[in-house]
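Colleague: Have a peek at data07.txt (compact mmCIF, N, CA and C atoms).
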# COMPACT_ATOMS: atom_id res chain seq x y z
N MET D 23 151.85 58.07 93.04
CA MET D 23 150.65 58.87 93.21
C MET D 23 150.87 60.26 92.61
N GLY D 24 152.09 60.76 92.67
CA GLY D 24 152.40 62.05 92.10
C GLY D 24 152.19 62.08 90.60
N GLU D 25 152.46 60.94 89.95
CA GLU D 25 152.26 60.87 88.50
C GLU D 25 150.78 60.94 88.14
N GLU D 26 149.92 60.33 88.97
CA GLU D 26 148.48 60.35 88.70
C GLU D 26 147.95 61.78 88.78
N VAL D 27 148.39 62.53 89.79
CA VAL D 27 147.95 63.91 89.93
C VAL D 27 148.47 64.74 88.77
N ASN D 28 149.72 64.53 88.39
CA ASN D 28 150.32 65.28 87.29
C ASN D 28 149.63 64.95 85.96
N SER D 29 149.32 63.68 85.74
CA SER D 29 148.64 63.31 84.50
C SER D 29 147.20 63.84 84.47
N GLU D 30 146.57 63.87 85.64
CA GLU D 30 145.22 64.43 85.72
C GLU D 30 145.25 65.93 85.42
N GLU D 31 146.23 66.63 85.99
CA GLU D 31 146.35 68.07 85.75
C GLU D 31 146.68 68.36 84.29
N SER D 32 147.52 67.53 83.69
CA SER D 32 147.85 67.76 82.28
C SER D 32 146.65 67.48 81.38
N ALA D 33 145.84 66.47 81.74
CA ALA D 33 144.63 66.19 80.96
C ALA D 33 143.63 67.33 81.09
N VAL D 34 143.49 67.87 82.31
CA VAL D 34 142.59 69.00 82.53
C VAL D 34 143.10 70.23 81.78
N LEU D 35 144.42 70.44 81.81
CA LEU D 35 145.00 71.57 81.11
C LEU D 35 144.77 71.47 79.60
N GLU D 36 144.95 70.30 79.05
CA GLU D 36 144.73 70.10 77.61
C GLU D 36 143.26 70.32 77.25
N SER D 37 142.36 69.78 78.06
CA SER D 37 140.94 69.96 77.82
C SER D 37 140.54 71.42 77.96
N TYR D 38 141.14 72.10 78.92
CA TYR D 38 140.86 73.52 79.15
C TYR D 38 141.35 74.36 77.97
N LYS D 39 142.51 74.04 77.43
CA LYS D 39 143.03 74.77 76.27
C LYS D 39 142.10 74.60 75.06
N ASP D 40 141.62 73.39 74.85
CA ASP D 40 140.67 73.15 73.76
C ASP D 40 139.39 73.95 73.96
N PHE D 41 138.89 73.95 75.20
CA PHE D 41 137.66 74.67 75.54
C PHE D 41 137.82 76.16 75.27
N VAL D 42 138.93 76.74 75.72
CA VAL D 42 139.15 78.17 75.56
C VAL D 42 139.32 78.53 74.09
N SER D 43 140.03 77.70 73.34
CA SER D 43 140.23 78.01 71.92
C SER D 43 138.92 77.96 71.15
N ILE D 44 138.06 77.01 71.47
CA ILE D 44 136.76 76.93 70.79
C ILE D 44 135.86 78.09 71.22
N LYS D 45 135.91 78.44 72.50
CA LYS D 45 135.06 79.51 73.00
C LYS D 45 135.45 80.87 72.43
N GLU D 46 136.72 81.06 72.14
CA GLU D 46 137.19 82.36 71.65
C GLU D 46 137.16 82.48 70.13
N GLU D 47 136.73 81.46 69.43
CA GLU D 47 136.61 81.54 67.98
C GLU D 47 135.50 82.52 67.62
N PRO D 48 135.71 83.32 66.58
CA PRO D 48 134.65 84.25 66.18
C PRO D 48 133.47 83.48 65.57
N THR D 49 132.29 84.00 65.78
CA THR D 49 131.09 83.36 65.26
C THR D 49 130.72 83.99 63.93
N SER D 50 131.17 83.37 62.86
CA SER D 50 130.89 83.91 61.53
C SER D 50 129.48 83.56 61.06
N GLY D 51 128.88 82.56 61.66
CA GLY D 51 127.54 82.15 61.26
C GLY D 51 126.49 83.20 61.52
N ILE D 52 126.67 83.97 62.58
CA ILE D 52 125.69 85.01 62.91
C ILE D 52 125.74 86.13 61.87
N LEU D 53 126.94 86.49 61.44
CA LEU D 53 127.09 87.54 60.43
C LEU D 53 126.45 87.11 59.10
N VAL D 54 126.66 85.87 58.73
CA VAL D 54 126.07 85.36 57.49
C VAL D 54 124.55 85.31 57.60
N THR D 55 124.04 84.90 58.74
CA THR D 55 122.59 84.82 58.94
C THR D 55 121.95 86.21 58.90
N VAL D 56 122.58 87.18 59.53
CA VAL D 56 122.04 88.54 59.53
C VAL D 56 122.09 89.14 58.12
N SER D 57 123.18 88.87 57.40
CA SER D 57 123.26 89.39 56.03
C SER D 57 122.23 88.72 55.12
N SER D 58 121.83 87.50 55.44
CA SER D 58 120.80 86.84 54.63
C SER D 58 119.46 87.56 54.75
N LEU D 59 119.23 88.21 55.89
CA LEU D 59 117.98 88.94 56.06
C LEU D 59 117.89 90.13 55.10
N THR D 60 119.04 90.67 54.72
CA THR D 60 119.04 91.74 53.73
C THR D 60 118.49 91.23 52.40
N PHE D 61 118.94 90.05 52.01
CA PHE D 61 118.48 89.48 50.74
C PHE D 61 117.05 88.97 50.82
N LEU D 62 116.62 88.56 52.02
CA LEU D 62 115.27 88.03 52.15
C LEU D 62 114.21 89.10 52.35
N ILE D 63 114.58 90.22 52.97
CA ILE D 63 113.57 91.21 53.33
C ILE D 63 113.77 92.55 52.61
N ILE D 64 114.94 93.14 52.75
CA ILE D 64 115.14 94.51 52.29
C ILE D 64 115.11 94.62 50.76
N ILE D 65 115.87 93.79 50.08
CA ILE D 65 115.91 93.88 48.61
C ILE D 65 114.54 93.57 47.99
N PRO D 66 113.83 92.53 48.43
CA PRO D 66 112.50 92.30 47.84
C PRO D 66 111.50 93.43 48.12
N VAL D 67 111.59 94.07 49.28
CA VAL D 67 110.67 95.18 49.57
C VAL D 67 110.89 96.32 48.60
N PHE D 68 112.17 96.65 48.33
CA PHE D 68 112.44 97.76 47.42
C PHE D 68 112.30 97.39 45.94
N SER D 69 112.28 96.10 45.64
CA SER D 69 112.13 95.71 44.23
C SER D 69 110.76 95.11 43.93
N ILE D 70 109.81 95.26 44.81
CA ILE D 70 108.48 94.68 44.60
C ILE D 70 107.76 95.37 43.43
N GLU D 71 108.06 96.65 43.23
CA GLU D 71 107.44 97.38 42.12
C GLU D 71 107.90 96.81 40.78
N ASP D 72 109.17 96.46 40.70
CA ASP D 72 109.69 95.86 39.47
C ASP D 72 109.05 94.50 39.21
N ALA D 73 108.75 93.78 40.26
CA ALA D 73 108.15 92.46 40.09
C ALA D 73 106.74 92.57 39.50
N PHE D 74 106.00 93.64 39.84
CA PHE D 74 104.65 93.79 39.33
C PHE D 74 104.62 94.34 37.90
N PHE D 75 105.55 95.22 37.58
CA PHE D 75 105.47 95.89 36.29
C PHE D 75 106.41 95.34 35.23
N ASN D 76 107.61 94.98 35.60
CA ASN D 76 108.58 94.56 34.58
C ASN D 76 109.07 93.14 34.82
N ASP D 77 110.16 93.09 35.53
CA ASP D 77 110.89 91.84 35.69
C ASP D 77 111.01 91.50 37.17
N GLY D 78 110.69 90.29 37.52
CA GLY D 78 110.77 89.86 38.91
C GLY D 78 112.03 89.10 39.25
N SER D 79 113.03 89.16 38.35
CA SER D 79 114.24 88.36 38.57
C SER D 79 115.06 88.85 39.76
N LEU D 80 115.10 90.17 40.01
CA LEU D 80 115.86 90.68 41.14
C LEU D 80 115.25 90.21 42.46
N CYS D 81 113.93 90.26 42.53
CA CYS D 81 113.23 89.83 43.74
C CYS D 81 113.42 88.34 43.99
N CYS D 82 113.22 87.53 42.97
CA CYS D 82 113.36 86.08 43.11
C CYS D 82 114.81 85.67 43.36
N GLY D 83 115.72 86.33 42.66
CA GLY D 83 117.14 86.01 42.84
C GLY D 83 117.62 86.34 44.24
N SER D 84 117.18 87.48 44.76
CA SER D 84 117.60 87.83 46.11
C SER D 84 116.99 86.89 47.15
N MET D 85 115.79 86.41 46.89
CA MET D 85 115.17 85.45 47.82
C MET D 85 115.94 84.13 47.81
N ILE D 86 116.38 83.69 46.64
CA ILE D 86 117.16 82.45 46.55
C ILE D 86 118.50 82.60 47.26
N VAL D 87 119.19 83.71 46.99
CA VAL D 87 120.49 83.96 47.65
C VAL D 87 120.29 84.09 49.16
N GLY D 88 119.23 84.75 49.57
CA GLY D 88 118.94 84.90 51.00
C GLY D 88 118.69 83.57 51.69
N CYS D 89 117.96 82.69 51.03
CA CYS D 89 117.70 81.35 51.60
C CYS D 89 118.98 80.54 51.72
N ILE D 90 119.83 80.62 50.70
CA ILE D 90 121.10 79.88 50.74
C ILE D 90 121.98 80.41 51.87
N LEU D 91 122.07 81.75 51.99
CA LEU D 91 122.87 82.33 53.07
C LEU D 91 122.30 81.98 54.45
N LEU D 92 120.99 81.93 54.56
CA LEU D 92 120.36 81.58 55.83
C LEU D 92 120.70 80.14 56.23
N VAL D 93 120.66 79.23 55.27
CA VAL D 93 121.00 77.83 55.55
C VAL D 93 122.48 77.70 55.94
N VAL D 94 123.36 78.38 55.21
CA VAL D 94 124.80 78.30 55.49
C VAL D 94 125.10 78.90 56.87
N GLY D 95 124.54 80.06 57.17
CA GLY D 95 124.77 80.70 58.46
C GLY D 95 124.25 79.88 59.62
N THR D 96 123.08 79.29 59.45
CA THR D 96 122.51 78.45 60.50
C THR D 96 123.37 77.20 60.71
N ALA D 97 123.86 76.62 59.63
CA ALA D 97 124.72 75.44 59.74
C ALA D 97 126.03 75.78 60.46
N GLN D 98 126.63 76.92 60.14
CA GLN D 98 127.87 77.32 60.80
C GLN D 98 127.65 77.58 62.29
N SER D 99 126.58 78.27 62.63
CA SER D 99 126.28 78.55 64.04
C SER D 99 126.02 77.27 64.81
N THR D 100 125.27 76.35 64.22
CA THR D 100 124.95 75.09 64.87
C THR D 100 126.21 74.26 65.08
N THR D 101 127.08 74.23 64.10
CA THR D 101 128.32 73.46 64.21
C THR D 101 129.19 74.00 65.34
N GLN D 102 129.33 75.32 65.39
CA GLN D 102 130.15 75.91 66.45
C GLN D 102 129.53 75.70 67.83
N HIS D 103 128.22 75.80 67.92
CA HIS D 103 127.54 75.57 69.21
C HIS D 103 127.74 74.12 69.67
N ASN D 104 127.63 73.18 68.74
CA ASN D 104 127.83 71.77 69.11
C ASN D 104 129.26 71.49 69.53
N ARG D 105 130.24 72.13 68.86
CA ARG D 105 131.64 71.95 69.26
C ARG D 105 131.87 72.50 70.66
N LEU D 106 131.30 73.67 70.98
CA LEU D 106 131.44 74.26 72.30
C LEU D 106 130.77 73.40 73.36
N LYS D 107 129.62 72.86 73.03
CA LYS D 107 128.89 72.00 73.97
C LYS D 107 129.69 70.73 74.26
N LYS D 108 130.28 70.15 73.22
CA LYS D 108 131.09 68.94 73.39
C LYS D 108 132.35 69.24 74.20
N ALA D 109 133.00 70.37 73.93
CA ALA D 109 134.20 70.75 74.69
C ALA D 109 133.87 71.04 76.15
N THR D 110 132.72 71.64 76.41
CA THR D 110 132.29 71.92 77.77
C THR D 110 132.03 70.62 78.53
N LYS D 111 131.37 69.70 77.88
CA LYS D 111 131.08 68.40 78.51
C LYS D 111 132.38 67.64 78.78
N HIS D 112 133.30 67.67 77.83
CA HIS D 112 134.59 66.97 78.01
C HIS D 112 135.39 67.61 79.15
N LEU D 113 135.36 68.94 79.25
CA LEU D 113 136.06 69.63 80.34
C LEU D 113 135.48 69.27 81.69
N ALA D 114 134.16 69.19 81.78
CA ALA D 114 133.52 68.83 83.04
C ALA D 114 133.86 67.40 83.44
N GLU D 115 133.87 66.49 82.47
CA GLU D 115 134.21 65.10 82.77
C GLU D 115 135.68 64.95 83.16
N THR D 116 136.56 65.65 82.46
CA THR D 116 137.99 65.57 82.75
C THR D 116 138.31 66.15 84.12
N ALA D 117 137.64 67.26 84.46
CA ALA D 117 137.89 67.91 85.75
C ALA D 117 137.22 67.17 86.91
N GLY D 118 136.35 66.23 86.62
CA GLY D 118 135.70 65.45 87.67
C GLY D 118 134.58 66.20 88.37
N ILE D 119 133.90 67.06 87.64
CA ILE D 119 132.77 67.80 88.22
C ILE D 119 131.52 66.94 88.07
N PRO D 120 130.82 66.68 89.17
CA PRO D 120 129.61 65.84 89.09
C PRO D 120 128.54 66.48 88.21
N LYS D 121 127.74 65.64 87.57
CA LYS D 121 126.70 66.14 86.65
C LYS D 121 125.67 67.00 87.37
N LYS D 122 125.34 66.68 88.60
CA LYS D 122 124.35 67.46 89.33
C LYS D 122 124.84 68.87 89.59
N VAL D 123 126.14 69.03 89.77
CA VAL D 123 126.71 70.36 89.99
C VAL D 123 126.92 71.08 88.66
N ALA D 124 127.41 70.36 87.67
CA ALA D 124 127.69 70.97 86.38
C ALA D 124 126.41 71.34 85.62
N TYR D 125 125.44 70.49 85.67
CA TYR D 125 124.18 70.72 84.97
C TYR D 125 123.01 70.63 85.94
N PRO D 126 122.76 71.68 86.74
CA PRO D 126 121.64 71.62 87.68
C PRO D 126 120.30 71.66 86.94
N PHE D 127 119.26 71.34 87.67
CA PHE D 127 117.92 71.31 87.08
C PHE D 127 117.53 72.68 86.54
N PHE D 128 117.81 73.72 87.32
CA PHE D 128 117.48 75.08 86.89
C PHE D 128 118.65 76.00 87.21
N SER D 129 119.07 76.75 86.24
CA SER D 129 120.13 77.71 86.45
C SER D 129 119.98 78.84 85.44
N LEU D 130 120.22 80.05 85.89
CA LEU D 130 120.16 81.20 85.00
C LEU D 130 121.48 81.41 84.27
N GLN D 131 122.54 80.77 84.74
CA GLN D 131 123.85 80.91 84.13
C GLN D 131 124.04 79.85 83.05
N ALA D 132 124.70 80.23 81.97
CA ALA D 132 124.95 79.29 80.88
C ALA D 132 125.87 78.17 81.37
N ALA D 133 125.72 76.99 80.80
CA ALA D 133 126.48 75.82 81.24
C ALA D 133 127.97 76.02 81.05
N ASP D 134 128.37 76.60 79.92
CA ASP D 134 129.81 76.76 79.69
C ASP D 134 130.43 77.74 80.68
N LYS D 135 129.73 78.80 81.04
CA LYS D 135 130.26 79.75 82.02
C LYS D 135 130.32 79.13 83.41
N ARG D 136 129.30 78.36 83.76
CA ARG D 136 129.26 77.72 85.08
C ARG D 136 130.38 76.69 85.21
N ILE D 137 130.55 75.87 84.20
CA ILE D 137 131.60 74.84 84.25
C ILE D 137 132.97 75.48 84.22
N HIS D 138 133.12 76.54 83.45
CA HIS D 138 134.40 77.26 83.42
C HIS D 138 134.75 77.79 84.81
N ALA D 139 133.77 78.39 85.49
CA ALA D 139 134.01 78.92 86.84
C ALA D 139 134.33 77.79 87.83
N LEU D 140 133.63 76.67 87.72
CA LEU D 140 133.88 75.55 88.63
C LEU D 140 135.27 74.94 88.41
N VAL D 141 135.69 74.85 87.15
CA VAL D 141 137.01 74.28 86.85
C VAL D 141 138.10 75.22 87.35
N ILE D 142 137.93 76.52 87.17
CA ILE D 142 138.92 77.49 87.66
C ILE D 142 138.98 77.45 89.18
N GLN D 143 137.83 77.24 89.81
CA GLN D 143 137.80 77.15 91.27
C GLN D 143 138.52 75.89 91.76
N LYS D 144 138.35 74.80 91.04
CA LYS D 144 138.96 73.55 91.46
C LYS D 144 140.45 73.50 91.11
N TYR D 145 140.82 74.06 89.96
CA TYR D 145 142.21 74.08 89.50
C TYR D 145 142.64 75.54 89.28
N PRO D 146 143.10 76.23 90.31
CA PRO D 146 143.43 77.65 90.16
C PRO D 146 144.62 77.91 89.22
N PHE D 147 145.47 76.92 88.99
CA PHE D 147 146.61 77.13 88.10
C PHE D 147 146.16 77.37 86.65
N LEU D 148 144.94 77.01 86.32
CA LEU D 148 144.44 77.22 84.96
C LEU D 148 144.22 78.70 84.65
N LYS D 149 143.95 79.49 85.68
CA LYS D 149 143.76 80.92 85.48
C LYS D 149 145.04 81.55 84.97
N GLU D 150 146.17 81.11 85.50
CA GLU D 150 147.46 81.62 85.04
C GLU D 150 147.79 81.08 83.65
N SER D 151 147.41 79.84 83.39
CA SER D 151 147.73 79.25 82.08
C SER D 151 146.91 79.90 80.98
N LYS D 152 145.72 80.44 81.29
CA LYS D 152 144.92 81.12 80.29
C LYS D 152 145.64 82.38 79.81
N GLN D 153 146.30 83.06 80.72
CA GLN D 153 147.05 84.25 80.32
C GLN D 153 148.23 83.85 79.45
N ASN D 154 148.82 82.69 79.71
CA ASN D 154 149.96 82.23 78.92
C ASN D 154 149.55 81.75 77.54
N LEU D 155 148.26 81.42 77.36
CA LEU D 155 147.80 80.97 76.05
C LEU D 155 147.87 82.09 75.02
N HIS D 156 147.65 83.33 75.49
CA HIS D 156 147.59 84.45 74.56
C HIS D 156 148.95 85.08 74.30
N CYS D 157 149.89 84.94 75.22
CA CYS D 157 151.22 85.52 75.02
C CYS D 157 152.09 84.53 74.27
N PRO D 158 152.68 84.96 73.19
CA PRO D 158 153.61 84.06 72.51
C PRO D 158 154.88 83.89 73.34
N LYS D 159 155.48 82.73 73.22
CA LYS D 159 156.70 82.48 73.96
C LYS D 159 157.81 83.33 73.37
N PRO D 160 158.58 83.98 74.24
CA PRO D 160 159.67 84.81 73.71
C PRO D 160 160.75 83.92 73.10
N SER D 161 161.26 84.38 72.00
CA SER D 161 162.32 83.59 71.36
C SER D 161 163.62 83.80 72.12
N GLN D 162 164.40 82.77 72.16
CA GLN D 162 165.66 82.86 72.88
C GLN D 162 166.69 83.56 72.02
N ILE D 163 167.37 84.47 72.64
CA ILE D 163 168.42 85.20 71.95
C ILE D 163 169.75 84.66 72.44
N VAL D 164 170.55 84.20 71.54
CA VAL D 164 171.85 83.65 71.90
C VAL D 164 172.89 84.72 71.59
N ILE D 165 173.60 85.09 72.63
CA ILE D 165 174.65 86.08 72.48
C ILE D 165 175.98 85.36 72.56
N SER D 166 176.76 85.55 71.56
CA SER D 166 178.07 84.90 71.52
C SER D 166 179.04 85.65 72.40
N GLN D 167 179.81 84.93 73.15
CA GLN D 167 180.80 85.57 74.01
C GLN D 167 182.09 85.85 73.25
N HIS D 168 182.22 85.24 72.11
CA HIS D 168 183.42 85.45 71.31
C HIS D 168 183.14 86.49 70.25
N GLU D 169 183.50 87.69 70.52
CA GLU D 169 183.31 88.74 69.54
C GLU D 169 184.63 88.99 68.84
N GLU D 170 184.55 89.01 67.56
CA GLU D 170 185.77 89.26 66.78
C GLU D 170 185.84 90.74 66.46
N GLU D 171 186.99 91.29 66.69
CA GLU D 171 187.17 92.71 66.44
C GLU D 171 188.01 92.97 65.24
The structure in this file should be written as structure tokens.
Modeller:
Amino acid sequence: MGEEVNSEESAVLESYKDFVSIKEEPTSGILVTVSSLTFLIIIPVFSIEDAFFNDGSLCCGSMIVGCILLVVGTAQSTTQHNRLKKATKHLAETAGIPKKVAYPFFSLQAADKRIHALVIQKYPFLKESKQNLHCPKPSQIVISQHEEE
């Protein structure tokens, strides 16, 4: 029976590590999406005069680049959100949290924060392991007892 508890804790620990690593990844998709607004709105507004009198290539080119950046940023954000959602669901299943508790009908708290709090409450040793995730393991220093003089 001790092995079952230990294997369950190790499975929860592994799932928790995956969850934390995905949650702490920077969201580059938002930066790309916001920068696309520069190409979609700001540059065409300031180059609209050129489009009427001379050449509209700057306006059209910035719109094309803006659309491409918008699609790329949205795809990156969606991919990261889906990975976090999948990791949250896997953590809840591994920790044995019932669906009614993990995903209530109405809640003002985000699902990943709620499940994270419930898992920490059920397995308090994970709070200590989260601190150990960020600290690198100290390297062992071997001191020789035989010093030659």
Colleague: Given the choices D:Val123, D:Ile63, D:Leu80, D:Ile44, which gets closest to Ala109 (chain D) if the distance is worked out from only C-alpha atoms?
Modeller: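 Using only C-alpha atoms, the shortest distance to Ala109 (chain D) belongs to D:Ile44.
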Colleague: Leaving out Val94 (chain D) and any residue of its chain fewer than 5 positions from it, which residues lie within 6.5 Å of it when counting all atoms listed in the file, given as a list in words?
Modeller: Gly51, Val54, Thr55, Cys89 and Ser99 of chain D
Colleague: Name the closest residue to Leu106 (chain D) among the candidates D:Phe68, D:Val34, D:Pro120, D:Lys45; distances are taken between atoms, counting all atoms listed in the file.
Modeller: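 Of D:Phe68, D:Val34, D:Pro120, D:Lys45, the one nearest Leu106 (chain D) is D:Lys45, counting all atoms listed in the file.
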Colleague: Calculate how many Å separate CA of Leu140 (chain D) from CA of Thr110 (chain D), rounding to one decimal.
Modeller: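 CA of Thr110 (chain D) lies 11.6 Å from CA of Leu140 (chain D).
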Colleague: For a test of reading the model, state the distance in Å between CA of Ala133 (chain D) and CA of Glu115 (chain D), rounded to one decimal.
Modeller: 13.3 Å
